[in-house]
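Asker: So that we are looking at the same thing, I have put the structure below in structure tokens.
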Amino acid sequence: CLGTIIDTSTISSFVVVAITLATDYLKLNAAENGLMILIFLVSAMIGSKVYHSIVQRLGLLTSLKAADIVWAIIMILTSIVVRGPGQKNIFFGLTVLWGFCFGWNVPNGRMVYIAIMPRGQDSEYMGLFQFFARGFLWLPPLLFTVLNESGVPMNVSFLVLPMFLLGGAVCYQIMGDLDKAIEETRGAGAIGLGVAADADADADADAEEMVEKKEGIIANEETAVARENTRRDEGERLP
């Protein structure tokens with residue numbers, strides 16, 4: 001839960017902090033802010049598509065830790081490189097990377113959480129997820145504002161966000177083996193990418209396949225019987 005709190009609070013509040021940085025520090029106007037948001041959203045869609053390939057290579061939990069670390073590094077790079085309104089083009093380039101990591105991180109984090117939810121308690125645990133995702137989103141912006149109001153430059157105050165992401169990666173590292181966690185909570189071992197094996201769903205799929213095969217065999221038999229009856233009737237009609 002601690003990793004979820006840290007990660008989701010950072011992700012939920014990221015847009016607010018990023019727009020504040022763009023508007024007050026880089027002096028982006030309304031059109032430039034709209035362009036930044038468009039670039040971010042398009043990049044996020046690309047990240048959400050590519051994330052599946054990353055999970056196949058790294059595994060579900062390792063991919064999430066990598067997403068946290070990569071996004072944190074990009075934010076730290078933003079804090080170092082972007083130092084004023086004269087670097088808007090660099091900022092737009094970094095926005096592409098932000099969006100990609102956002103699209104990678106969000107579905108990856110939810111998949112990890114869903115994978116370890118105990119069977120039969122999905123509603124309760126999704127309620128907890130929403131509580132942690134929304135209940136603490138005020139924390140990163142609060143720290144960002146406190147630092148900024150204390151005289152810390154806004155680009156330095158922005159480092160609050162990567163610190164949260166790195167903290168989330170540490171929590172996921174402490175979490176241990178995802179497959180064992182899945183086996184303990186879901187009652188089945190992991191398959192493929194580290195996602196819980198849903199034995200009931202597999203059994204249903206196998207049963208449906210068997211039913212379809214049996215129906216096909218029965219249909220073929222009925223067709224053969226009908227043809228035989230037709231031939232017999234035609235033979236009886238002949239003089």
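Naming works like this for the structure tokens: A, B, ... for the chains as they're shown, residue 1 at the start of each chain, ligands 1 onward in shown order.
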Show me, as a PyMOL selection string, the residues that have an atom within 12 Å of Gly47 (chain A) when counting only C-alpha atoms, minus same-chain residues fewer than 6 positions from it.

Answerer: chain A and resi 40-41+53-55+67+71+96-108

Asker: Include N, CA and C atoms and write out the residues we just selected as an mmCIF file, in the first residue's frame.

Answerer:
```cif
data_model
loop_
_atom_site.group_PDB
_atom_site.id
_atom_site.type_symbol
_atom_site.label_atom_id
_atom_site.label_comp_id
_atom_site.auth_asym_id
_atom_site.auth_seq_id
_atom_site.Cartn_x
_atom_site.Cartn_y
_atom_site.Cartn_z
ATOM 1 N N PHE A 40 1.926 15.778 -24.426
ATOM 2 C CA PHE A 40 1.935 14.855 -23.294
ATOM 3 C C PHE A 40 0.957 13.701 -23.514
ATOM 4 N N LEU A 41 -0.259 14.024 -23.946
ATOM 5 C CA LEU A 41 -1.284 12.992 -24.116
ATOM 6 C C LEU A 41 -0.933 12.019 -25.243
ATOM 7 N N SER A 53 5.244 -4.476 -24.399
ATOM 8 C CA SER A 53 6.510 -5.060 -24.848
ATOM 9 C C SER A 53 7.556 -5.004 -23.738
ATOM 10 N N ILE A 54 7.547 -3.913 -22.983
ATOM 11 C CA ILE A 54 8.505 -3.773 -21.876
ATOM 12 C C ILE A 54 8.231 -4.825 -20.804
ATOM 13 N N VAL A 55 6.942 -5.045 -20.505
ATOM 14 C CA VAL A 55 6.573 -6.043 -19.496
ATOM 15 C C VAL A 55 6.989 -7.438 -19.949
ATOM 16 N N ALA A 67 9.963 1.902 -14.667
ATOM 17 C CA ALA A 67 9.178 3.080 -15.046
ATOM 18 C C ALA A 67 9.357 4.205 -14.036
ATOM 19 N N TRP A 71 11.371 7.642 -15.129
ATOM 20 C CA TRP A 71 10.625 8.897 -15.048
ATOM 21 C C TRP A 71 11.287 9.854 -14.054
ATOM 22 N N VAL A 96 7.656 15.079 -24.102
ATOM 23 C CA VAL A 96 7.470 13.814 -24.816
ATOM 24 C C VAL A 96 7.862 12.645 -23.921
ATOM 25 N N LEU A 97 8.989 12.769 -23.244
ATOM 26 C CA LEU A 97 9.466 11.708 -22.359
ATOM 27 C C LEU A 97 8.569 11.574 -21.133
ATOM 28 N N TRP A 98 8.111 12.709 -20.604
ATOM 29 C CA TRP A 98 7.175 12.661 -19.476
ATOM 30 C C TRP A 98 5.938 11.847 -19.846
ATOM 31 N N GLY A 99 5.344 12.194 -21.003
ATOM 32 C CA GLY A 99 4.126 11.517 -21.423
ATOM 33 C C GLY A 99 4.332 10.030 -21.641
ATOM 34 N N PHE A 100 5.462 9.673 -22.248
ATOM 35 C CA PHE A 100 5.758 8.262 -22.479
ATOM 36 C C PHE A 100 5.821 7.510 -21.157
ATOM 37 N N CYS A 101 6.521 8.064 -20.185
ATOM 38 C CA CYS A 101 6.650 7.406 -18.882
ATOM 39 C C CYS A 101 5.312 7.358 -18.149
ATOM 40 N N PHE A 102 4.498 8.389 -18.312
ATOM 41 C CA PHE A 102 3.166 8.395 -17.702
ATOM 42 C C PHE A 102 2.319 7.248 -18.264
ATOM 43 N N GLY A 103 2.320 7.115 -19.605
ATOM 44 C CA GLY A 103 1.574 6.039 -20.236
ATOM 45 C C GLY A 103 2.100 4.661 -19.901
ATOM 46 N N TRP A 104 3.360 4.572 -19.576
ATOM 47 C CA TRP A 104 3.985 3.308 -19.171
ATOM 48 C C TRP A 104 3.647 2.987 -17.717
ATOM 49 N N ASN A 105 3.740 3.995 -16.852
ATOM 50 C CA ASN A 105 3.626 3.788 -15.410
ATOM 51 C C ASN A 105 2.204 3.472 -14.962
ATOM 52 N N VAL A 106 1.233 4.204 -15.475
ATOM 53 C CA VAL A 106 -0.146 4.082 -14.967
ATOM 54 C C VAL A 106 -0.713 2.674 -15.141
ATOM 55 N N PRO A 107 -0.750 2.116 -16.362
ATOM 56 C CA PRO A 107 -1.299 0.751 -16.483
ATOM 57 C C PRO A 107 -0.446 -0.303 -15.798
ATOM 58 N N ASN A 108 0.866 -0.089 -15.779
ATOM 59 C CA ASN A 108 1.765 -1.045 -15.137
ATOM 60 C C ASN A 108 1.493 -1.116 -13.638
#
```

Asker: Which polymer residues have any atom within 9 Å of an atom of region 121-130 of chain A, counting only C-alpha atoms, with same-chain residues fewer than 5 positions away left out, as a list in words?

Answerer: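 Once the nearby chain positions are removed, what remains is Cys1, Thr4, Ile5, Thr8, Arg110, Tyr113, Ile114 and Gly135 of chain A.
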
Asker: Can you pull out the residues contacting Leu77 (chain A)? Cut-off 12 Å, using only C-alpha atoms, and skip same-chain residues under 6 positions away; I want them as JSON, numbers by chain.

Answerer: {"A": [70, 71, 83, 90, 91, 93, 94, 95, 97, 98, 155, 156, 158, 159, 162]}

Asker: Using only C-alpha atoms, pick whichever of A:Pro85, A:Pro141, A:Ile74, A:Leu58 has the shortest atom-to-atom distance to Thr20 (chain A).

Answerer: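 Among A:Pro85, A:Pro141, A:Ile74, A:Leu58, it is A:Pro141 that comes nearest to Thr20 (chain A).
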
Asker: If you count only C-alpha atoms, which residues fall within 12 Å of Glu32 (chain A), apart from same-chain ones fewer than 4 positions away, as a list in words?

Answerer: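 Near neighbours after the sequence-gap exclusion: Ile19, Ala22, Thr23, Leu26, Lys27, Leu28, Met36, Ile37, Leu38, Ile39, Pro85, Lys88, Asn89, Phe91 and Phe92 of chain A.
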
Asker: Please report, as a tab-separated table, each residue of region 40-112 of chain A lying at most 12 Å from region 169-174 of chain A, together with the nearest pair of atoms and the separation in Å rounded to one decimal; use only C-alpha atoms, and order rows by chain and ascending residue number.

Answerer:
```
residue	atom	partner	partner_atom	distance
A:Leu60	CA	A:Tyr172	CA	11.1
A:Leu61	CA	A:Tyr172	CA	7.4
A:Thr62	CA	A:Gln173	CA	8.6
A:Ser63	CA	A:Ala169	CA	10.3
A:Leu64	CA	A:Ala169	CA	7.8
A:Lys65	CA	A:Ala169	CA	4.9
A:Ala66	CA	A:Ala169	CA	7.8
A:Ala67	CA	A:Ala169	CA	8.6
A:Asp68	CA	A:Ala169	CA	5.9
A:Ile69	CA	A:Ala169	CA	6.8
A:Val70	CA	A:Ala169	CA	10.3
A:Trp71	CA	A:Ala169	CA	10.8
A:Ala72	CA	A:Ala169	CA	9.8
A:Asn105	CA	A:Ala169	CA	11.4
A:Gly109	CA	A:Tyr172	CA	10.2
A:Val112	CA	A:Tyr172	CA	9.9
```

Asker: Mind pulling up the distance from CA of Val82 (chain A) to CA of Leu166 (chain A)?

Answerer: 20.7 Å

Asker: Hey, what's within 12 Å of Phe144 (chain A) if we count only C-alpha atoms and toss same-chain stuff fewer than 4 positions away? As a ChimeraX atom specification, please?

Answerer: /A:10,13-14,16-18,20-21,138-140,148-164

Asker: Can you list, as a ChimeraX atom specification, every residue of region 140-187 of chain A that DSSP puts in alpha helix (DSSP H)?

Answerer: /A:140-149,154-157,160-175,178-186

Asker: Would you put the residues from that selection into a file with C-alpha atoms, as a PDB file, in the first residue's frame?

Answerer:
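Final file, selection-v8.pdb:
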```pdb
ATOM      1  CA  PRO A 140       3.516  16.474  -3.559  1.00  0.00           C
ATOM      2  CA  PRO A 141       1.974  19.849  -4.563  1.00  0.00           C
ATOM      3  CA  LEU A 142       2.030  20.941  -0.916  1.00  0.00           C
ATOM      4  CA  LEU A 143       5.743  20.203  -0.579  1.00  0.00           C
ATOM      5  CA  PHE A 144       6.388  21.834  -3.964  1.00  0.00           C
ATOM      6  CA  THR A 145       4.521  24.978  -2.841  1.00  0.00           C
ATOM      7  CA  VAL A 146       6.212  25.108   0.567  1.00  0.00           C
ATOM      8  CA  LEU A 147       9.664  24.918  -1.014  1.00  0.00           C
ATOM      9  CA  ASN A 148       8.772  27.510  -3.643  1.00  0.00           C
ATOM     10  CA  GLU A 149       7.327  29.922  -1.097  1.00  0.00           C
ATOM     11  CA  MET A 154      10.793  26.424  -8.898  1.00  0.00           C
ATOM     12  CA  ASN A 155      12.936  24.099 -10.990  1.00  0.00           C
ATOM     13  CA  VAL A 156      14.623  22.877  -7.797  1.00  0.00           C
ATOM     14  CA  SER A 157      11.272  22.516  -6.002  1.00  0.00           C
ATOM     15  CA  VAL A 160       9.948  16.743  -5.016  1.00  0.00           C
ATOM     16  CA  LEU A 161       8.239  14.610  -7.656  1.00  0.00           C
ATOM     17  CA  PRO A 162      11.206  12.401  -8.617  1.00  0.00           C
ATOM     18  CA  MET A 163      11.951  11.838  -4.941  1.00  0.00           C
ATOM     19  CA  PHE A 164       8.450  10.395  -4.548  1.00  0.00           C
ATOM     20  CA  LEU A 165       8.904   8.163  -7.587  1.00  0.00           C
ATOM     21  CA  LEU A 166      12.222   6.845  -6.319  1.00  0.00           C
ATOM     22  CA  GLY A 167      10.561   6.176  -2.978  1.00  0.00           C
ATOM     23  CA  GLY A 168       7.913   4.147  -4.793  1.00  0.00           C
ATOM     24  CA  ALA A 169      10.609   2.132  -6.584  1.00  0.00           C
ATOM     25  CA  VAL A 170      12.236   1.372  -3.213  1.00  0.00           C
ATOM     26  CA  CYS A 171       8.896   0.144  -1.829  1.00  0.00           C
ATOM     27  CA  TYR A 172       8.403  -2.137  -4.815  1.00  0.00           C
ATOM     28  CA  GLN A 173      11.913  -3.478  -4.344  1.00  0.00           C
ATOM     29  CA  ILE A 174      11.152  -4.301  -0.703  1.00  0.00           C
ATOM     30  CA  MET A 175       7.950  -5.996  -1.840  1.00  0.00           C
ATOM     31  CA  LEU A 178       5.691 -10.829  -7.190  1.00  0.00           C
ATOM     32  CA  ASP A 179       4.984 -14.431  -8.201  1.00  0.00           C
ATOM     33  CA  LYS A 180       4.974 -15.552  -4.554  1.00  0.00           C
ATOM     34  CA  ALA A 181       2.727 -12.647  -3.606  1.00  0.00           C
ATOM     35  CA  ILE A 182       0.318 -13.611  -6.383  1.00  0.00           C
ATOM     36  CA  GLU A 183       0.338 -17.258  -5.306  1.00  0.00           C
ATOM     37  CA  GLU A 184      -0.407 -16.327  -1.695  1.00  0.00           C
ATOM     38  CA  THR A 185      -3.210 -13.889  -2.464  1.00  0.00           C
ATOM     39  CA  ARG A 186      -4.774 -15.328  -5.611  1.00  0.00           C
TER      40      ARG A 186
END
```
